[in-house]
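Pasted below: entry.txt, compact mmCIF, C-alpha atoms.
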# COMPACT_ATOMS: atom_id res chain seq x y z
CA MET A 1 64.97 120.98 167.39
CA TYR A 2 63.14 117.76 166.62
CA TYR A 3 59.59 116.94 165.55
CA GLY A 4 57.63 113.70 165.84
CA ALA A 5 55.19 111.86 163.62
CA LEU A 6 52.97 108.87 164.29
CA GLU A 7 51.13 106.85 161.66
CA ALA A 8 48.76 104.83 163.84
CA GLY A 9 47.61 101.81 161.89
CA GLY A 10 45.53 98.77 162.64
CA THR A 11 48.52 96.41 162.64
CA LYS A 12 51.50 98.68 163.36
CA MET A 13 52.38 102.07 164.78
CA VAL A 14 55.04 103.84 162.72
CA CYS A 15 56.87 106.48 164.76
CA ALA A 16 59.31 108.90 163.15
CA ILE A 17 61.58 111.78 164.09
CA GLY A 18 62.16 114.80 161.88
CA ASP A 19 64.89 117.42 162.08
CA ALA A 20 64.30 121.18 162.16
CA ASP A 21 63.28 121.06 158.47
CA LYS A 22 60.98 118.06 159.11
CA ASN A 23 63.22 115.70 157.17
CA ILE A 24 62.75 112.21 158.61
CA ILE A 25 65.97 111.10 160.30
CA ASP A 26 64.77 108.05 162.23
CA ARG A 27 61.78 105.74 162.50
CA ILE A 28 60.59 102.62 164.27
CA SER A 29 57.58 100.33 163.91
CA ILE A 30 55.69 99.00 166.92
CA PRO A 31 52.95 96.34 166.70
CA THR A 32 49.45 97.65 167.41
CA GLY A 33 48.43 95.84 170.56
CA THR A 34 46.24 97.36 173.24
CA PRO A 35 46.96 100.93 174.36
CA ASP A 36 48.69 99.54 177.47
CA GLN A 37 50.92 97.40 175.26
CA SER A 38 51.78 99.90 172.54
CA LEU A 39 51.76 103.31 174.20
CA PRO A 40 54.77 103.03 176.57
CA ALA A 41 57.19 102.16 173.77
CA MET A 42 55.93 105.04 171.62
CA ILE A 43 56.23 107.54 174.45
CA ASP A 44 59.74 106.35 175.33
CA TYR A 45 60.78 106.73 171.70
CA PHE A 46 59.57 110.32 171.37
CA LYS A 47 60.94 111.30 174.79
CA LYS A 48 64.45 110.34 173.71
CA TYR A 49 64.40 113.23 171.23
CA ASP A 50 62.56 115.82 173.37
CA ILE A 51 60.31 116.68 170.42
CA SER A 52 58.69 120.12 170.06
CA ALA A 53 55.51 118.88 168.34
CA LEU A 54 53.86 115.61 167.32
CA GLY A 55 51.62 115.00 164.30
CA ILE A 56 49.39 111.93 164.41
CA GLY A 57 47.57 110.31 161.50
CA THR A 58 45.37 107.60 162.97
CA PHE A 59 43.07 104.81 161.95
CA GLY A 60 39.48 105.69 162.62
CA PRO A 61 36.86 106.68 162.88
CA ALA A 62 38.42 109.34 165.10
CA ASP A 63 37.31 112.68 166.52
CA ILE A 64 39.44 115.20 164.62
CA ASN A 65 37.53 118.35 165.55
CA PRO A 66 39.95 120.47 167.64
CA ASN A 67 36.99 122.16 169.37
CA SER A 68 35.49 118.87 170.55
CA PRO A 69 35.97 117.73 174.16
CA THR A 70 36.94 114.31 172.80
CA TYR A 71 39.39 115.61 170.15
CA GLY A 72 41.96 113.01 169.20
CA SER A 73 39.95 110.05 170.48
CA ILE A 74 39.20 106.83 168.61
CA MET A 75 35.46 106.55 168.08
CA ARG A 76 33.47 103.39 167.27
CA SER A 77 36.03 100.91 166.05
CA PRO A 78 36.50 97.20 165.33
CA LYS A 79 39.62 97.57 167.53
CA LYS A 80 37.60 97.58 170.74
CA ASP A 81 40.61 98.10 173.00
CA TRP A 82 41.15 101.49 171.38
CA GLU A 83 37.54 102.62 171.23
CA GLY A 84 37.22 105.84 173.26
CA PHE A 85 40.98 106.09 173.80
CA SER A 86 42.37 109.62 173.47
CA LEU A 87 45.64 109.73 171.55
CA TYR A 88 45.64 113.49 172.00
CA LYS A 89 45.42 113.37 175.79
CA ALA A 90 47.83 110.47 176.17
CA PHE A 91 50.61 112.11 174.18
CA THR A 92 49.95 115.64 175.42
CA ASP A 93 50.14 114.47 179.02
CA ALA A 94 53.25 112.35 178.44
CA LEU A 95 55.24 114.69 176.20
CA GLY A 96 54.01 118.17 177.13
CA CYS A 97 54.28 119.36 173.53
CA LEU A 98 51.92 120.44 170.75
CA VAL A 99 49.95 117.44 169.48
CA VAL A 100 47.84 117.51 166.30
CA VAL A 101 45.59 114.58 165.36
CA ASP A 102 44.02 113.76 162.01
CA THR A 103 43.07 110.59 160.17
CA ASP A 104 45.64 108.35 158.50
CA VAL A 105 44.17 108.99 155.05
CA ASN A 106 44.16 112.75 155.60
CA ALA A 107 47.81 112.56 156.62
CA ALA A 108 48.56 110.55 153.47
CA ALA A 109 46.67 113.03 151.29
CA TRP A 110 48.61 115.87 152.90
CA GLY A 111 51.91 114.12 152.27
CA GLU A 112 51.03 113.61 148.60
CA TYR A 113 49.92 117.25 148.35
CA LEU A 114 53.14 118.64 149.81
CA TYR A 115 55.68 116.29 148.26
CA GLY A 116 54.07 113.65 146.06
CA ALA A 117 51.62 113.09 143.24
CA LEU A 118 49.39 116.05 144.22
CA LYS A 119 52.21 118.57 144.55
CA GLY A 120 51.57 121.82 142.70
CA LEU A 121 47.81 121.33 142.47
CA ASN A 122 45.08 123.26 144.25
CA SER A 123 42.91 120.20 144.89
CA GLY A 124 43.20 116.46 144.91
CA MET A 125 42.24 113.21 146.58
CA TYR A 126 44.15 110.31 148.06
CA LEU A 127 42.23 107.01 148.25
CA THR A 128 43.58 103.91 149.93
CA VAL A 129 42.24 100.54 148.79
CA GLY A 130 43.26 97.76 151.14
CA THR A 131 41.80 96.15 154.24
CA GLY A 132 39.46 99.12 154.21
CA ILE A 133 38.77 101.92 151.74
CA GLY A 134 39.06 105.55 152.77
CA GLY A 135 40.21 108.85 151.42
CA GLY A 136 41.45 112.32 152.19
CA ILE A 137 40.35 115.29 150.08
CA ILE A 138 42.14 118.58 149.56
CA SER A 139 40.26 121.61 148.24
CA ASP A 140 41.71 125.11 147.86
CA GLY A 141 44.92 123.86 149.44
CA ARG A 142 43.23 122.62 152.63
CA LEU A 143 42.10 119.25 153.92
CA ILE A 144 38.32 118.86 153.97
CA HIS A 145 36.81 118.23 157.40
CA GLY A 146 33.18 118.21 158.43
CA MET A 147 31.16 117.09 161.42
CA GLU A 148 33.51 114.10 161.23
CA HIS A 149 35.92 112.77 158.64
CA PRO A 150 34.23 112.23 155.23
CA GLU A 151 33.56 108.49 154.94
CA THR A 152 34.54 108.09 151.30
CA GLY A 153 34.71 104.31 151.65
CA HIS A 154 31.04 104.06 152.51
CA ILE A 155 29.39 105.83 149.61
CA LEU A 156 26.78 103.60 147.98
CA ILE A 157 27.46 102.45 144.43
CA PRO A 158 25.39 100.35 142.01
CA ARG A 159 26.16 96.64 141.97
CA ARG A 160 27.06 94.99 138.72
CA THR A 161 24.30 92.65 137.57
CA GLY A 162 24.95 89.15 138.84
CA ASP A 163 27.08 90.16 141.82
CA ASP A 164 25.13 89.01 144.86
CA ILE A 165 27.81 88.55 147.54
CA PRO A 166 26.56 90.57 150.53
CA CYS A 167 28.29 93.84 151.42
CA ARG A 168 29.72 93.73 154.97
CA PHE A 169 28.42 97.16 155.91
CA HIS A 170 25.61 98.62 153.84
CA GLN A 171 23.60 97.44 150.90
CA SER A 172 26.37 98.21 148.44
CA CYS A 173 29.13 100.52 149.69
CA VAL A 174 32.46 100.70 147.92
CA GLU A 175 34.43 99.34 150.89
CA GLY A 176 32.03 96.44 151.27
CA LEU A 177 32.26 95.57 147.57
CA ALA A 178 35.89 96.32 146.69
CA SER A 179 38.15 96.12 149.75
CA GLY A 180 40.80 93.46 150.27
CA PRO A 181 38.60 91.28 152.52
CA MET A 182 35.89 91.20 149.82
CA LEU A 183 38.46 90.07 147.26
CA GLU A 184 39.32 87.22 149.61
CA ARG A 185 35.64 86.35 150.08
CA ARG A 186 35.14 86.28 146.33
CA THR A 187 38.16 84.08 145.55
CA GLY A 188 39.30 82.39 148.75
CA MET A 189 42.72 83.97 148.21
CA LYS A 190 44.59 86.98 149.50
CA GLY A 191 44.78 89.79 146.95
CA LYS A 192 48.51 89.27 146.41
CA ASP A 193 47.89 85.64 145.45
CA ILE A 194 45.06 86.20 142.98
CA PRO A 195 46.29 85.71 139.38
CA ALA A 196 46.29 88.81 137.20
CA ASP A 197 43.97 87.14 134.71
CA SER A 198 41.30 86.37 137.32
CA PRO A 199 37.88 87.81 136.36
CA VAL A 200 37.59 89.25 139.88
CA TRP A 201 39.95 92.09 138.91
CA ASP A 202 37.56 93.30 136.24
CA LEU A 203 34.82 93.56 138.86
CA GLU A 204 37.24 95.29 141.26
CA ALA A 205 38.23 97.86 138.65
CA PHE A 206 34.59 98.52 137.81
CA TYR A 207 33.62 99.22 141.42
CA ILE A 208 36.62 101.46 142.06
CA ALA A 209 35.86 103.38 138.86
CA GLU A 210 32.26 103.86 139.96
CA ALA A 211 33.48 105.38 143.22
CA LEU A 212 35.99 107.64 141.46
CA VAL A 213 33.31 109.04 139.18
CA ASN A 214 31.28 109.94 142.27
CA TYR A 215 34.29 111.60 143.90
CA THR A 216 34.96 113.63 140.76
CA MET A 217 31.34 114.76 140.64
CA CYS A 218 31.22 115.70 144.33
CA TYR A 219 34.67 117.16 144.98
CA SER A 220 35.80 118.25 141.50
CA VAL A 221 39.42 117.43 142.34
CA GLU A 222 42.24 117.96 139.87
CA ARG A 223 43.76 114.50 140.43
CA ILE A 224 43.03 111.26 142.25
CA VAL A 225 45.86 109.25 143.82
CA LEU A 226 45.28 105.55 144.55
CA GLY A 227 47.29 103.75 147.22
CA GLY A 228 46.94 100.80 149.58
CA GLY A 229 47.77 97.13 149.22
CA VAL A 230 45.22 96.32 146.53
CA MET A 231 46.65 99.04 144.31
CA ASP A 232 50.07 97.38 144.40
CA ASN A 233 48.54 95.42 141.50
CA LYS A 234 49.50 98.02 138.93
CA PHE A 235 47.61 96.26 136.14
CA LEU A 236 44.44 97.62 137.79
CA PHE A 237 45.18 101.21 136.80
CA PRO A 238 44.44 100.96 133.04
CA MET A 239 41.34 98.88 133.80
CA ILE A 240 40.06 101.49 136.27
CA ARG A 241 40.85 104.33 133.86
CA ASN A 242 38.93 102.65 131.04
CA TYR A 243 35.86 102.08 133.19
CA TYR A 244 36.12 105.59 134.61
CA THR A 245 36.01 107.11 131.12
CA GLU A 246 33.11 104.87 130.13
CA LEU A 247 31.09 105.66 133.27
CA LEU A 248 31.81 109.39 133.20
CA SER A 249 30.30 109.42 129.69
CA GLY A 250 31.94 112.72 128.76
CA TYR A 251 29.76 114.62 131.24
CA ILE A 252 32.67 116.64 132.62
CA ASP A 253 34.39 118.42 129.76
CA MET A 254 37.69 119.25 131.43
CA PRO A 255 41.21 118.42 130.20
CA GLN A 256 42.18 116.75 133.48
CA VAL A 257 39.62 113.94 133.24
CA LYS A 258 40.21 113.44 129.54
CA ASP A 259 43.79 112.35 130.27
CA THR A 260 43.12 109.59 132.76
CA ASP A 261 46.79 108.54 132.76
CA THR A 262 47.55 111.74 134.65
CA TYR A 263 44.21 112.04 136.45
CA ILE A 264 44.12 108.62 138.15
CA VAL A 265 47.64 107.89 139.35
CA PRO A 266 49.60 105.74 141.82
CA ALA A 267 50.86 107.18 145.08
CA GLY A 268 54.12 109.05 144.67
CA LEU A 269 56.02 108.64 147.95
CA GLU A 270 56.82 104.91 148.02
CA GLY A 271 54.46 104.18 150.89
CA ASN A 272 55.78 107.04 153.03
CA GLN A 273 52.95 109.49 152.35
CA GLY A 274 51.26 108.85 155.71
CA ILE A 275 54.27 109.43 157.95
CA ILE A 276 55.45 112.39 155.85
CA GLY A 277 51.99 113.94 156.02
CA ALA A 278 51.77 113.40 159.77
CA MET A 279 55.12 115.14 160.18
CA ASN A 280 53.64 118.17 158.47
CA LEU A 281 50.23 118.39 160.17
CA PHE A 282 51.38 121.20 162.49
Output the structure of this file as structure tokens.
Amino acid sequence: MYYGALEAGGTKMVCAIGDADKNIIDRISIPTGTPDQSLPAMIDYFKKYDISALGIGTFGPADINPNSPTYGSIMRSPKKDWEGFSLYKAFTDALGCLVVVDTDVNAAAWGEYLYGALKGLNSGMYLTVGTGIGGGIISDGRLIHGMEHPETGHILIPRRTGDDIPCRFHQSCVEGLASGPMLERRTGMKGKDIPADSPVWDLEAFYIAEALVNYTMCYSVERIVLGGGVMDNKFLFPMIRNYYTELLSGYIDMPQVKDTDTYIVPAGLEGNQGIIGAMNLF
């Protein structure tokens, strides 16, 4: 018996096969073109193994309500070729197996909860900071869903005095102020090329810390895991932790938040949390 997993990203589609115990035994990566370009290769790959079920963690926004008539469809999206496309219908029709669809960040959070930095906890959050900012939240051992996926990247946060570069989305949302594209707008360089001593990192850490304080207040999670390309700059973690403690101002008197080294942590699955989580969505 084999199972399938798909991590549908904006630039690549990672497809994987798991054995009867959902251990990943094979994977491929397919560029994200249009549905007509990308879908045939993915279907051919999964058909080779005659999978019994497929878990999909997709870029969004996506309709992840199983009771919705458009379940598994990409909603409004900068990737216009995919807007309105139903991953659920396409793979169900082609493979004839159980298909479960959730967001990429929910899949990553689930992977961290089962096998990574959130393992053994009752609640937690995974936040990716990269081209976009988004997160998956687990409470009482279950992923949080609502009328649609919680848009953690678009909470509004206070600007630091003197920062007047316009937010791409709202007046001052965390994705608009702290994502990878904003780093490039601020410096003219890709995040990986910005020197560690650049003052932009202090601003980045401050904005991420502001968001994390809000997440702690709203979701009361036991740990926050930070992933994504921006967080490959590990020197950001102590900066974020320091600002987090300062901004929290001792309001929450719990041992978890007092030890920020174990409360705000890097992802624990070497970049595989999304595909591992997708494999375990069903």
(request) Return the single residue from A:Ser86, A:Leu203, A:Met182, A:Asp193 that is closest to Cys167 of chain A, with distances computed using all atoms listed in the file. (result)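 Nearest candidate to Cys167 of chain A out of A:Ser86, A:Leu203, A:Met182, A:Asp193: A:Met182.
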(request) Would you kindly return, as a ChimeraX atom specification, each protein, DNA or RNA residue with an atom no farther than 10 Å from any atom of segment 110-123 of chain A, considering all atoms listed in the file and excluding same-chain residues fewer than 5 positions away? (result) /A:104-105,136-143,219-226,262,265-270,272-281
(request) For segment 14-29 of chain A, list every protein, DNA or RNA residue within 8 Å, evaluated using all atoms listed in the file, and leave out those in the same chain fewer than 2 positions away; present the list as a list of chain:residue names. (result)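 Selected residues are A:Met1, A:Tyr2, A:Tyr3, A:Gly4, A:Ala5, A:Leu6, A:Glu7, A:Ala8, A:Gly9, A:Lys12, A:Pro31, A:Met42, A:Tyr45, A:Phe46, A:Tyr49, A:Ile275, A:Ile276, A:Met279, A:Asn280.
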Could those selected residues go to a file with C-alpha atoms, as a compact mmCIF listing (two decimals), in the coordinates of the input?
# COMPACT_ATOMS: atom_id res chain seq x y z
CA MET A 1 64.97 120.98 167.39
CA TYR A 2 63.14 117.76 166.62
CA TYR A 3 59.59 116.94 165.55
CA GLY A 4 57.63 113.70 165.84
CA ALA A 5 55.19 111.86 163.62
CA LEU A 6 52.97 108.87 164.29
CA GLU A 7 51.13 106.85 161.66
CA ALA A 8 48.76 104.83 163.84
CA GLY A 9 47.61 101.81 161.89
CA LYS A 12 51.50 98.68 163.36
CA PRO A 31 52.95 96.34 166.70
CA MET A 42 55.93 105.04 171.62
CA TYR A 45 60.78 106.73 171.70
CA PHE A 46 59.57 110.32 171.37
CA TYR A 49 64.40 113.23 171.23
CA ILE A 275 54.27 109.43 157.95
CA ILE A 276 55.45 112.39 155.85
CA MET A 279 55.12 115.14 160.18
CA ASN A 280 53.64 118.17 158.47
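With only C-alpha atoms as the atoms that count, the residue of A:Arg241, A:Gln37, A:Phe206, A:Pro69 with the shortest distance to Val257 of chain A is A:Arg241.
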(message) I'd like to know which of A:Ser179, A:Asn242, A:Asn233, A:Gln256 is closest to Thr216 of chain A, using all atoms listed in the file.
(response) A:Gln256
